[in-house]
Every structure is written in C-alpha cells, then in structure tokens.
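Here is the structure we will look at, set down as structure tokens.
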Amino acid sequence: MAGKRILMIVGDFGEDYEIMVPYQALLAVGHTVHGVCPGKKAGDKIATAIHDFEGHQTYTEKPGHLFALNATFAEVDVASYDALLVPGGRAPEYLRLYPEVIAAVRHFFDAGKPVAAICHGAQMLAAAGVLKGRTCSAYPACRPEVELGGGTYADIPVDAAVTEGNLVSAPAWPAHPAFVAQFLTLLGTSISL
C-alpha cells in the first residue's frame, strides 16, 4: 500500500482527541498527515481542548495539549493531497470564516477525494456548501447546520460513524474506532490485526 497525503485543517481549541488520535493512527499505518492552520506556519503550535461527556446537557471543556503544526497553510497546494481530515471542537466555528479554508474544503468534494469530518467539523462542511443531498453525522448541537446546509443529519450513537460516498462522519471522539476504520477504507488502506 502506498501511503496517502492527508491534509488536516486545525485551529486553536480544536478537540484534542479528534486531532491527536486520527493523526497518530494515520501515521501509524503509513500515511502522511499535514496539520495546518490559517495564519500559522510549520512549527507553530495550536492549543487543544478536551471535551468530555459527564452527564451535563452538553460536553465539558478542559485544557488539552499543544499540537505542533507540521506544514504551513499558506504554502499548501490542496490539489497535491489525497484526502481531507476535519477535526471538531471549537476551531471549526471560526475556521469556516476563512475563504481559503472554504475553498480547500470544496476542492476535496469537487474532486471526489475522501473526507473525514467529526463532531463540529460539520460546521466547516456546511459553510462550504458541500452537504446538499448528503448524509452527515456531527455533534448533535450541529444538527441545525447540517440540515440548513441541505444535508440529512445522521442521528447515530456517539460511538458510531457513517460513510456516504467520499464522506465519513461521526458525532464525537468516542466513535474513533469506527470513524478511523471507515476513513482507512476510503483511503484504500487494509490493516490486519
């Protein structure tokens, strides 16, 4: 299997697990993942946040780790990437305000390349106008964005993921086993345990 080049768009206070776990899992099976953030360059760090489900009406948020970017957003050529990874957390709510982020997201959908979006990542997809007629899961509070974006919200368990065409999506980090496995399938990666 030849490793794929995957672009991961992140920002401050993205969800720690939704950045770190897929990033490390994809590297472990031989893919290249470039973590980028608008306005930052390779070597800069973003602050992450850990979202936990502790029985409240919504998640709680705690400080996460610092994640070092390994590529510079302004220098990437999205056409040179095979797939896109969109983590959740609070970052997507402001990353979607960057026209160049929206253009990048649209590129992957227009080209039919694999896209993995989890949790609040659906906010970026909705802002890019790529959900019309698609099924997409997300954190339940993002259901209105999926539906207003013309998509069908996949109301699935928090530990499940759904794939439709080139898009795999999931509600939150408890879905990592299903989410990462389905993304690997879209990437043509086979692993045996």
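Order determines the names: the first chain of the structure tokens is A, the second B, and so forth; residues in each chain are numbered 1 upward, and ligands are numbered 1 upward as they are shown.
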Please, which residues in range 32-82 of chain A fall within 12 Å of range 135-146 of chain A when counting only C-alpha atoms, and what is the closest atom pair and distance in Å to one decimal for each, ordered by chain then residue number, as CSV?
```
residue,atom,partner,partner_atom,distance
A:His51,CA,A:Tyr139,CA,11.4
A:Phe53,CA,A:Tyr139,CA,11.7
A:Gln57,CA,A:Ala141,CA,10.6
A:Thr58,CA,A:Ala141,CA,8.6
A:Tyr59,CA,A:Tyr139,CA,10.0
```
Please list as a PDB file with N, CA and C atoms, in the first residue's frame every residue within 10 Å of range 88-93 of chain A, counting only C-alpha atoms and excluding residues in the same chain fewer than 2 positions away.
```
ATOM      1  N   ILE A   9      -6.988  20.200   8.640  1.00  0.00           N
ATOM      2  CA  ILE A   9      -7.131  21.620   8.957  1.00  0.00           C
ATOM      3  C   ILE A   9      -7.570  21.747  10.413  1.00  0.00           C
ATOM      4  N   VAL A  10      -6.735  22.412  11.216  1.00  0.00           N
ATOM      5  CA  VAL A  10      -6.977  22.537  12.648  1.00  0.00           C
ATOM      6  C   VAL A  10      -6.862  23.993  13.077  1.00  0.00           C
ATOM      7  N   GLY A  11      -7.254  24.264  14.307  1.00  0.00           N
ATOM      8  CA  GLY A  11      -7.129  25.601  14.858  1.00  0.00           C
ATOM      9  C   GLY A  11      -7.154  25.538  16.366  1.00  0.00           C
ATOM     10  N   ASP A  12      -6.871  26.675  16.992  1.00  0.00           N
ATOM     11  CA  ASP A  12      -6.869  26.725  18.451  1.00  0.00           C
ATOM     12  C   ASP A  12      -8.200  26.241  19.012  1.00  0.00           C
ATOM     13  N   PHE A  13      -8.099  25.411  20.036  1.00  0.00           N
ATOM     14  CA  PHE A  13      -9.209  24.829  20.765  1.00  0.00           C
ATOM     15  C   PHE A  13     -10.022  23.838  19.945  1.00  0.00           C
ATOM     16  N   GLY A  14      -9.352  23.255  18.925  1.00  0.00           N
ATOM     17  CA  GLY A  14      -9.900  22.056  18.323  1.00  0.00           C
ATOM     18  C   GLY A  14      -9.877  20.961  19.384  1.00  0.00           C
ATOM     19  N   GLU A  15     -10.716  19.959  19.223  1.00  0.00           N
ATOM     20  CA  GLU A  15     -10.806  18.893  20.223  1.00  0.00           C
ATOM     21  C   GLU A  15      -9.543  18.036  20.180  1.00  0.00           C
ATOM     22  N   ASP A  16      -8.887  17.915  21.319  1.00  0.00           N
ATOM     23  CA  ASP A  16      -7.598  17.234  21.439  1.00  0.00           C
ATOM     24  C   ASP A  16      -7.625  15.821  20.853  1.00  0.00           C
ATOM     25  N   TYR A  17      -8.548  14.973  21.315  1.00  0.00           N
ATOM     26  CA  TYR A  17      -8.595  13.590  20.844  1.00  0.00           C
ATOM     27  C   TYR A  17      -8.900  13.528  19.347  1.00  0.00           C
ATOM     28  N   GLU A  18      -9.746  14.433  18.872  1.00  0.00           N
ATOM     29  CA  GLU A  18     -10.150  14.394  17.461  1.00  0.00           C
ATOM     30  C   GLU A  18      -9.038  14.872  16.536  1.00  0.00           C
ATOM     31  N   ILE A  19      -8.039  15.515  17.102  1.00  0.00           N
ATOM     32  CA  ILE A  19      -6.845  15.869  16.341  1.00  0.00           C
ATOM     33  C   ILE A  19      -5.797  14.767  16.504  1.00  0.00           C
ATOM     34  N   CYS A  37      -2.970  25.327   9.898  1.00  0.00           N
ATOM     35  CA  CYS A  37      -3.906  26.287  10.474  1.00  0.00           C
ATOM     36  C   CYS A  37      -3.706  27.633   9.783  1.00  0.00           C
ATOM     37  N   THR A  48      -5.172  22.835  22.195  1.00  0.00           N
ATOM     38  CA  THR A  48      -6.345  21.987  22.014  1.00  0.00           C
ATOM     39  C   THR A  48      -7.170  21.986  23.294  1.00  0.00           C
ATOM     40  N   ALA A  49      -8.373  21.459  23.196  1.00  0.00           N
ATOM     41  CA  ALA A  49      -9.267  21.346  24.343  1.00  0.00           C
ATOM     42  C   ALA A  49      -9.814  19.927  24.386  1.00  0.00           C
ATOM     43  N   ILE A  50      -9.988  19.420  25.583  1.00  0.00           N
ATOM     44  CA  ILE A  50     -10.568  18.081  25.750  1.00  0.00           C
ATOM     45  C   ILE A  50     -12.039  18.241  26.101  1.00  0.00           C
ATOM     46  N   HIS A  51     -12.885  17.668  25.275  1.00  0.00           N
ATOM     47  CA  HIS A  51     -14.322  17.682  25.533  1.00  0.00           C
ATOM     48  C   HIS A  51     -14.702  16.346  26.148  1.00  0.00           C
ATOM     49  N   GLU A  61     -15.435  21.223  28.919  1.00  0.00           N
ATOM     50  CA  GLU A  61     -14.206  21.516  28.179  1.00  0.00           C
ATOM     51  C   GLU A  61     -13.073  21.770  29.159  1.00  0.00           C
ATOM     52  N   LEU A  85      -8.964  15.714   6.410  1.00  0.00           N
ATOM     53  CA  LEU A  85      -9.437  15.372   7.745  1.00  0.00           C
ATOM     54  C   LEU A  85      -9.839  16.664   8.455  1.00  0.00           C
ATOM     55  N   VAL A  86     -11.087  16.695   8.962  1.00  0.00           N
ATOM     56  CA  VAL A  86     -11.616  17.883   9.635  1.00  0.00           C
ATOM     57  C   VAL A  86     -12.020  17.512  11.065  1.00  0.00           C
ATOM     58  N   LEU A  95     -12.799  28.727  11.885  1.00  0.00           N
ATOM     59  CA  LEU A  95     -12.049  28.380  10.670  1.00  0.00           C
ATOM     60  C   LEU A  95     -12.919  28.549   9.429  1.00  0.00           C
ATOM     61  N   ARG A  96     -14.229  28.348   9.574  1.00  0.00           N
ATOM     62  CA  ARG A  96     -15.132  28.477   8.426  1.00  0.00           C
ATOM     63  C   ARG A  96     -15.263  29.910   7.941  1.00  0.00           C
ATOM     64  N   LEU A  97     -14.714  30.857   8.684  1.00  0.00           N
ATOM     65  CA  LEU A  97     -14.748  32.260   8.273  1.00  0.00           C
ATOM     66  C   LEU A  97     -13.625  32.614   7.305  1.00  0.00           C
ATOM     67  N   VAL A 101     -10.034  28.443   3.596  1.00  0.00           N
ATOM     68  CA  VAL A 101     -10.431  27.164   4.199  1.00  0.00           C
ATOM     69  C   VAL A 101     -11.634  26.612   3.446  1.00  0.00           C
ATOM     70  N   ALA A 117     -14.897  13.977   8.603  1.00  0.00           N
ATOM     71  CA  ALA A 117     -15.259  15.096   9.475  1.00  0.00           C
ATOM     72  C   ALA A 117     -15.932  14.543  10.715  1.00  0.00           C
ATOM     73  N   ILE A 118     -15.524  15.039  11.864  1.00  0.00           N
ATOM     74  CA  ILE A 118     -16.064  14.555  13.125  1.00  0.00           C
ATOM     75  C   ILE A 118     -16.530  15.727  13.980  1.00  0.00           C
ATOM     76  N   CYS A 119     -17.603  15.497  14.736  1.00  0.00           N
ATOM     77  CA  CYS A 119     -18.084  16.449  15.729  1.00  0.00           C
ATOM     78  C   CYS A 119     -18.472  17.779  15.068  1.00  0.00           C
ATOM     79  N   HIS A 120     -17.870  18.877  15.517  1.00  0.00           N
ATOM     80  CA  HIS A 120     -18.176  20.196  14.968  1.00  0.00           C
ATOM     81  C   HIS A 120     -17.539  20.443  13.600  1.00  0.00           C
ATOM     82  N   GLY A 121     -16.791  19.487  13.080  1.00  0.00           N
ATOM     83  CA  GLY A 121     -16.222  19.621  11.738  1.00  0.00           C
ATOM     84  C   GLY A 121     -17.290  19.860  10.689  1.00  0.00           C
ATOM     85  N   ALA A 122     -18.511  19.393  10.954  1.00  0.00           N
ATOM     86  CA  ALA A 122     -19.618  19.599  10.015  1.00  0.00           C
ATOM     87  C   ALA A 122     -19.912  21.081   9.800  1.00  0.00           C
ATOM     88  N   GLN A 123     -19.530  21.935  10.754  1.00  0.00           N
ATOM     89  CA  GLN A 123     -19.731  23.368  10.567  1.00  0.00           C
ATOM     90  C   GLN A 123     -18.940  23.879   9.364  1.00  0.00           C
ATOM     91  N   MET A 124     -17.748  23.357   9.173  1.00  0.00           N
ATOM     92  CA  MET A 124     -16.946  23.770   8.017  1.00  0.00           C
ATOM     93  C   MET A 124     -17.555  23.241   6.725  1.00  0.00           C
ATOM     94  N   LEU A 125     -18.076  22.015   6.762  1.00  0.00           N
ATOM     95  CA  LEU A 125     -18.688  21.445   5.562  1.00  0.00           C
ATOM     96  C   LEU A 125     -19.940  22.223   5.178  1.00  0.00           C
ATOM     97  N   ALA A 127     -20.627  25.354   5.893  1.00  0.00           N
ATOM     98  CA  ALA A 127     -20.225  26.674   5.406  1.00  0.00           C
ATOM     99  C   ALA A 127     -19.687  26.603   3.985  1.00  0.00           C
ATOM    100  N   ALA A 138     -22.669  14.476  13.095  1.00  0.00           N
ATOM    101  CA  ALA A 138     -21.940  15.552  13.760  1.00  0.00           C
ATOM    102  C   ALA A 138     -22.358  15.534  15.219  1.00  0.00           C
ATOM    103  N   TYR A 139     -21.704  16.366  16.018  1.00  0.00           N
ATOM    104  CA  TYR A 139     -22.171  16.539  17.382  1.00  0.00           C
ATOM    105  C   TYR A 139     -23.626  17.001  17.288  1.00  0.00           C
ATOM    106  N   ALA A 170     -18.830  11.406  11.971  1.00  0.00           N
ATOM    107  CA  ALA A 170     -19.163  10.813  13.262  1.00  0.00           C
ATOM    108  C   ALA A 170     -19.509  11.923  14.244  1.00  0.00           C
ATOM    109  N   PRO A 171     -20.252  11.568  15.332  1.00  0.00           N
ATOM    110  CA  PRO A 171     -20.682  12.581  16.289  1.00  0.00           C
ATOM    111  C   PRO A 171     -19.587  13.135  17.191  1.00  0.00           C
ATOM    112  N   ALA A 172     -18.627  12.310  17.596  1.00  0.00           N
ATOM    113  CA  ALA A 172     -17.612  12.772  18.549  1.00  0.00           C
ATOM    114  C   ALA A 172     -16.548  11.694  18.715  1.00  0.00           C
ATOM    115  N   TRP A 173     -15.523  12.005  19.512  1.00  0.00           N
ATOM    116  CA  TRP A 173     -14.365  11.122  19.649  1.00  0.00           C
ATOM    117  C   TRP A 173     -14.669   9.707  20.142  1.00  0.00           C
TER     118      TRP A 173
END
```
Inset, instruction - Apply DSSP to the structure's backbone, then extract all residues of chain A labelled strand (DSSP E or B) and return them as a ChimeraX atom specification. - result: /A:5-9,14-15,32-36,45-52,60-68,83-86,89,115-118,135-136,152-153,162-164,167-170
Legend entry - Selection: 12 Å around Phe108 in chain A, only C-alpha atoms, excl. self and same-chain fewer than 5 positions, as a count of residues only: 25
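Restricting the calculation to only C-alpha atoms, the smallest distance between Gln182 in chain A and any of A:Pro22, A:Gly112, A:Gly3, A:Pro99 is found for A:Pro22.
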Inset, instruction - Fewer than 2 positions away in the same chain doesn't count, so skip those; otherwise give me all residues within 6 Å of Phe73 in chain A, counting only C-alpha atoms, as a list in words. - result: Val36, Cys37, Pro38, Glu75 and Val76 of chain A
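Shortest atom-to-atom contact with Val33 in chain A among A:Ser169, A:Lys132, A:Asp52, A:Asn70: A:Asn70, counting only C-alpha atoms.
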Step one, run DSSP on the backbone; step two, keep only residues of range 61-193 of chain A assigned to helix (DSSP H, G or I); then write them as an mmCIF file with N, CA, C and O atoms, in the first residue's frame.
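Result saved to part23.cif:
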```cif
data_model
loop_
_atom_site.group_PDB
_atom_site.id
_atom_site.type_symbol
_atom_site.label_atom_id
_atom_site.label_comp_id
_atom_site.auth_asym_id
_atom_site.auth_seq_id
_atom_site.Cartn_x
_atom_site.Cartn_y
_atom_site.Cartn_z
ATOM 1 N N PHE A 73 -0.129 26.536 6.259
ATOM 2 C CA PHE A 73 -1.379 26.606 5.495
ATOM 3 C C PHE A 73 -1.222 27.407 4.206
ATOM 4 O O PHE A 73 -1.665 26.974 3.145
ATOM 5 N N ALA A 74 -0.594 28.568 4.284
ATOM 6 C CA ALA A 74 -0.467 29.446 3.117
ATOM 7 C C ALA A 74 0.369 28.828 2.000
ATOM 8 O O ALA A 74 0.297 29.275 0.856
ATOM 9 N N GLU A 75 1.138 27.792 2.298
ATOM 10 C CA GLU A 75 2.016 27.190 1.291
ATOM 11 C C GLU A 75 1.500 25.871 0.731
ATOM 12 O O GLU A 75 2.099 25.331 -0.199
ATOM 13 N N VAL A 78 -3.616 22.271 -2.165
ATOM 14 C CA VAL A 78 -4.609 21.253 -1.812
ATOM 15 C C VAL A 78 -4.731 20.167 -2.878
ATOM 16 O O VAL A 78 -5.053 19.025 -2.568
ATOM 17 N N ALA A 79 -4.443 20.507 -4.119
ATOM 18 C CA ALA A 79 -4.526 19.515 -5.196
ATOM 19 C C ALA A 79 -3.508 18.395 -5.018
ATOM 20 O O ALA A 79 -3.673 17.308 -5.582
ATOM 21 N N SER A 80 -2.463 18.626 -4.225
ATOM 22 C CA SER A 80 -1.436 17.601 -4.033
ATOM 23 C C SER A 80 -1.795 16.606 -2.925
ATOM 24 O O SER A 80 -1.042 15.674 -2.664
ATOM 25 N N ALA A 91 -12.697 24.998 17.067
ATOM 26 C CA ALA A 91 -11.993 25.584 15.919
ATOM 27 C C ALA A 91 -12.865 25.731 14.664
ATOM 28 O O ALA A 91 -12.792 26.772 14.003
ATOM 29 N N PRO A 92 -13.667 24.738 14.290
ATOM 30 C CA PRO A 92 -14.429 24.889 13.045
ATOM 31 C C PRO A 92 -15.343 26.105 12.996
ATOM 32 O O PRO A 92 -15.580 26.656 11.922
ATOM 33 N N GLU A 93 -15.826 26.567 14.164
ATOM 34 C CA GLU A 93 -16.747 27.712 14.147
ATOM 35 C C GLU A 93 -16.082 28.973 13.622
ATOM 36 O O GLU A 93 -16.747 29.829 13.045
ATOM 37 N N TYR A 94 -14.764 29.108 13.814
ATOM 38 C CA TYR A 94 -14.096 30.298 13.265
ATOM 39 C C TYR A 94 -13.263 29.971 12.034
ATOM 40 O O TYR A 94 -13.062 30.838 11.188
ATOM 41 N N LEU A 95 -12.799 28.727 11.885
ATOM 42 C CA LEU A 95 -12.049 28.380 10.670
ATOM 43 C C LEU A 95 -12.919 28.549 9.429
ATOM 44 O O LEU A 95 -12.425 28.874 8.353
ATOM 45 N N PRO A 99 -12.001 32.356 3.799
ATOM 46 C CA PRO A 99 -12.355 31.935 2.446
ATOM 47 C C PRO A 99 -11.440 30.834 1.902
ATOM 48 O O PRO A 99 -11.893 29.936 1.175
ATOM 49 N N GLU A 100 -10.145 30.880 2.278
ATOM 50 C CA GLU A 100 -9.224 29.870 1.766
ATOM 51 C C GLU A 100 -9.486 28.496 2.387
ATOM 52 O O GLU A 100 -9.226 27.464 1.750
ATOM 53 N N VAL A 101 -10.034 28.443 3.596
ATOM 54 C CA VAL A 101 -10.431 27.164 4.199
ATOM 55 C C VAL A 101 -11.634 26.612 3.446
ATOM 56 O O VAL A 101 -11.678 25.426 3.103
ATOM 57 N N ILE A 102 -12.605 27.464 3.185
ATOM 58 C CA ILE A 102 -13.803 27.037 2.447
ATOM 59 C C ILE A 102 -13.413 26.526 1.062
ATOM 60 O O ILE A 102 -13.900 25.487 0.606
ATOM 61 N N ALA A 103 -12.502 27.217 0.391
ATOM 62 C CA ALA A 103 -12.040 26.778 -0.936
ATOM 63 C C ALA A 103 -11.357 25.424 -0.846
ATOM 64 O O ALA A 103 -11.543 24.560 -1.721
ATOM 65 N N ALA A 104 -10.580 25.209 0.203
ATOM 66 C CA ALA A 104 -9.899 23.923 0.374
ATOM 67 C C ALA A 104 -10.915 22.801 0.566
ATOM 68 O O ALA A 104 -10.811 21.743 -0.066
ATOM 69 N N VAL A 105 -11.894 23.018 1.423
ATOM 70 C CA VAL A 105 -12.923 22.000 1.655
ATOM 71 C C VAL A 105 -13.651 21.681 0.355
ATOM 72 O O VAL A 105 -13.843 20.506 -0.001
ATOM 73 N N ARG A 106 -14.029 22.703 -0.358
ATOM 74 C CA ARG A 106 -14.742 22.486 -1.637
ATOM 75 C C ARG A 106 -13.891 21.685 -2.621
ATOM 76 O O ARG A 106 -14.409 20.851 -3.366
ATOM 77 N N HIS A 107 -12.586 21.932 -2.650
ATOM 78 C CA HIS A 107 -11.709 21.190 -3.568
ATOM 79 C C HIS A 107 -11.865 19.690 -3.379
ATOM 80 O O HIS A 107 -11.995 18.946 -4.352
ATOM 81 N N PHE A 108 -11.833 19.231 -2.132
ATOM 82 C CA PHE A 108 -11.881 17.790 -1.875
ATOM 83 C C PHE A 108 -13.220 17.197 -2.291
ATOM 84 O O PHE A 108 -13.271 16.078 -2.812
ATOM 85 N N PHE A 109 -14.298 17.930 -2.106
ATOM 86 C CA PHE A 109 -15.607 17.433 -2.533
ATOM 87 C C PHE A 109 -15.744 17.494 -4.048
ATOM 88 O O PHE A 109 -16.230 16.545 -4.667
ATOM 89 N N ASP A 110 -15.309 18.591 -4.653
ATOM 90 C CA ASP A 110 -15.387 18.710 -6.118
ATOM 91 C C ASP A 110 -14.579 17.619 -6.807
ATOM 92 O O ASP A 110 -14.981 17.113 -7.857
ATOM 93 N N CYS A 119 -17.603 15.497 14.736
ATOM 94 C CA CYS A 119 -18.084 16.449 15.729
ATOM 95 C C CYS A 119 -18.472 17.779 15.068
ATOM 96 O O CYS A 119 -19.290 17.811 14.162
ATOM 97 N N HIS A 120 -17.870 18.877 15.517
ATOM 98 C CA HIS A 120 -18.176 20.196 14.968
ATOM 99 C C HIS A 120 -17.539 20.443 13.600
ATOM 100 O O HIS A 120 -17.739 21.502 13.014
ATOM 101 N N GLY A 121 -16.791 19.487 13.080
ATOM 102 C CA GLY A 121 -16.222 19.621 11.738
ATOM 103 C C GLY A 121 -17.290 19.860 10.689
ATOM 104 O O GLY A 121 -17.043 20.479 9.652
ATOM 105 N N ALA A 122 -18.511 19.393 10.954
ATOM 106 C CA ALA A 122 -19.618 19.599 10.015
ATOM 107 C C ALA A 122 -19.912 21.081 9.800
ATOM 108 O O ALA A 122 -20.454 21.452 8.757
ATOM 109 N N GLN A 123 -19.530 21.935 10.754
ATOM 110 C CA GLN A 123 -19.731 23.368 10.567
ATOM 111 C C GLN A 123 -18.940 23.879 9.364
ATOM 112 O O GLN A 123 -19.417 24.737 8.621
ATOM 113 N N MET A 124 -17.748 23.357 9.173
ATOM 114 C CA MET A 124 -16.946 23.770 8.017
ATOM 115 C C MET A 124 -17.555 23.241 6.725
ATOM 116 O O MET A 124 -17.563 23.933 5.710
ATOM 117 N N LEU A 125 -18.076 22.015 6.762
ATOM 118 C CA LEU A 125 -18.688 21.445 5.562
ATOM 119 C C LEU A 125 -19.940 22.223 5.178
ATOM 120 O O LEU A 125 -20.164 22.514 3.999
ATOM 121 N N ALA A 126 -20.761 22.561 6.171
ATOM 122 C CA ALA A 126 -21.974 23.324 5.888
ATOM 123 C C ALA A 126 -21.625 24.696 5.309
ATOM 124 O O ALA A 126 -22.238 25.146 4.338
ATOM 125 N N ALA A 127 -20.627 25.354 5.893
ATOM 126 C CA ALA A 127 -20.225 26.674 5.406
ATOM 127 C C ALA A 127 -19.687 26.603 3.985
ATOM 128 O O ALA A 127 -19.829 27.550 3.206
ATOM 129 N N ALA A 128 -19.086 25.474 3.630
ATOM 130 C CA ALA A 128 -18.552 25.290 2.282
ATOM 131 C C ALA A 128 -19.636 24.921 1.277
ATOM 132 O O ALA A 128 -19.371 24.859 0.078
ATOM 133 N N PRO A 140 -24.526 16.472 18.130
ATOM 134 C CA PRO A 140 -25.956 16.795 17.986
ATOM 135 C C PRO A 140 -26.273 18.287 17.922
ATOM 136 O O PRO A 140 -27.209 18.686 17.218
ATOM 137 N N ALA A 141 -25.498 19.138 18.593
ATOM 138 C CA ALA A 141 -25.751 20.580 18.541
ATOM 139 C C ALA A 141 -25.499 21.166 17.157
ATOM 140 O O ALA A 141 -25.910 22.288 16.873
ATOM 141 N N CYS A 142 -24.835 20.412 16.284
ATOM 142 C CA CYS A 142 -24.567 20.868 14.914
ATOM 143 C C CYS A 142 -25.616 20.368 13.923
ATOM 144 O O CYS A 142 -25.511 20.648 12.724
ATOM 145 N N ARG A 143 -26.603 19.645 14.408
ATOM 146 C CA ARG A 143 -27.664 19.152 13.526
ATOM 147 C C ARG A 143 -28.285 20.283 12.693
ATOM 148 O O ARG A 143 -28.487 20.116 11.488
ATOM 149 N N PRO A 144 -28.623 21.449 13.312
ATOM 150 C CA PRO A 144 -29.208 22.519 12.502
ATOM 151 C C PRO A 144 -28.318 22.948 11.331
ATOM 152 O O PRO A 144 -28.819 23.228 10.243
ATOM 153 N N GLU A 145 -26.999 22.993 11.537
ATOM 154 C CA GLU A 145 -26.116 23.388 10.449
ATOM 155 C C GLU A 145 -26.137 22.372 9.312
ATOM 156 O O GLU A 145 -26.146 22.730 8.142
ATOM 157 N N VAL A 146 -26.124 21.083 9.679
ATOM 158 C CA VAL A 146 -26.179 20.037 8.650
ATOM 159 C C VAL A 146 -27.467 20.188 7.844
ATOM 160 O O VAL A 146 -27.448 20.185 6.611
ATOM 161 N N GLU A 147 -28.596 20.350 8.550
ATOM 162 C CA GLU A 147 -29.886 20.435 7.858
ATOM 163 C C GLU A 147 -30.045 21.742 7.089
ATOM 164 O O GLU A 147 -30.557 21.739 5.965
ATOM 165 N N LEU A 148 -29.601 22.868 7.662
ATOM 166 C CA LEU A 148 -29.679 24.140 6.931
ATOM 167 C C LEU A 148 -28.747 24.140 5.721
ATOM 168 O O LEU A 148 -28.990 24.855 4.754
ATOM 169 N N TRP A 173 -15.523 12.005 19.512
ATOM 170 C CA TRP A 173 -14.365 11.122 19.649
ATOM 171 C C TRP A 173 -14.669 9.707 20.142
ATOM 172 O O TRP A 173 -13.888 8.796 19.833
ATOM 173 N N PRO A 174 -15.750 9.422 20.874
ATOM 174 C CA PRO A 174 -15.999 8.020 21.206
ATOM 175 C C PRO A 174 -16.174 7.126 19.962
ATOM 176 O O PRO A 174 -16.066 5.908 20.048
ATOM 177 N N ALA A 175 -16.397 7.741 18.819
ATOM 178 C CA ALA A 175 -16.569 6.990 17.566
ATOM 179 C C ALA A 175 -15.252 6.672 16.863
ATOM 180 O O ALA A 175 -15.259 6.095 15.775
ATOM 181 N N HIS A 176 -14.104 7.031 17.442
ATOM 182 C CA HIS A 176 -12.835 6.849 16.745
ATOM 183 C C HIS A 176 -12.630 5.467 16.132
ATOM 184 O O HIS A 176 -12.184 5.390 14.978
ATOM 185 N N PRO A 177 -12.900 4.354 16.813
ATOM 186 C CA PRO A 177 -12.675 3.065 16.159
ATOM 187 C C PRO A 177 -13.433 2.937 14.836
ATOM 188 O O PRO A 177 -12.854 2.553 13.818
ATOM 189 N N ALA A 178 -14.705 3.295 14.826
ATOM 190 C CA ALA A 178 -15.494 3.214 13.595
ATOM 191 C C ALA A 178 -15.085 4.298 12.594
ATOM 192 O O ALA A 178 -14.954 4.040 11.394
ATOM 193 N N PHE A 179 -14.872 5.510 13.078
ATOM 194 C CA PHE A 179 -14.529 6.656 12.234
ATOM 195 C C PHE A 179 -13.205 6.433 11.511
ATOM 196 O O PHE A 179 -13.116 6.572 10.276
ATOM 197 N N VAL A 180 -12.175 6.079 12.263
ATOM 198 C CA VAL A 180 -10.862 5.855 11.653
ATOM 199 C C VAL A 180 -10.902 4.651 10.714
ATOM 200 O O VAL A 180 -10.352 4.702 9.613
ATOM 201 N N ALA A 181 -11.570 3.582 11.119
ATOM 202 C CA ALA A 181 -11.656 2.391 10.258
ATOM 203 C C ALA A 181 -12.343 2.708 8.932
ATOM 204 O O ALA A 181 -11.881 2.291 7.865
ATOM 205 N N GLN A 182 -13.444 3.467 8.992
ATOM 206 C CA GLN A 182 -14.151 3.809 7.758
ATOM 207 C C GLN A 182 -13.331 4.759 6.879
ATOM 208 O O GLN A 182 -13.354 4.662 5.648
ATOM 209 N N PHE A 183 -12.598 5.680 7.507
ATOM 210 C CA PHE A 183 -11.730 6.569 6.738
ATOM 211 C C PHE A 183 -10.618 5.761 6.074
ATOM 212 O O PHE A 183 -10.302 5.982 4.903
ATOM 213 N N LEU A 184 -10.032 4.822 6.801
ATOM 214 C CA LEU A 184 -8.993 3.972 6.216
ATOM 215 C C LEU A 184 -9.536 3.205 5.016
ATOM 216 O O LEU A 184 -8.837 3.050 4.003
ATOM 217 N N THR A 185 -10.773 2.746 5.095
ATOM 218 C CA THR A 185 -11.386 2.053 3.956
ATOM 219 C C THR A 185 -11.487 2.988 2.758
ATOM 220 O O THR A 185 -11.150 2.605 1.635
ATOM 221 N N LEU A 186 -11.922 4.233 2.992
ATOM 222 C CA LEU A 186 -11.993 5.202 1.886
ATOM 223 C C LEU A 186 -10.622 5.466 1.282
ATOM 224 O O LEU A 186 -10.499 5.719 0.083
#
```
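Between CA of Pro63 in chain A and CA of Ala47 in chain A lies a distance of 7.9 Å.
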Legend entry - Length of the CA of Lys4 in chain A to CA of Tyr23 in chain A vector [Å]: 12.7 Å
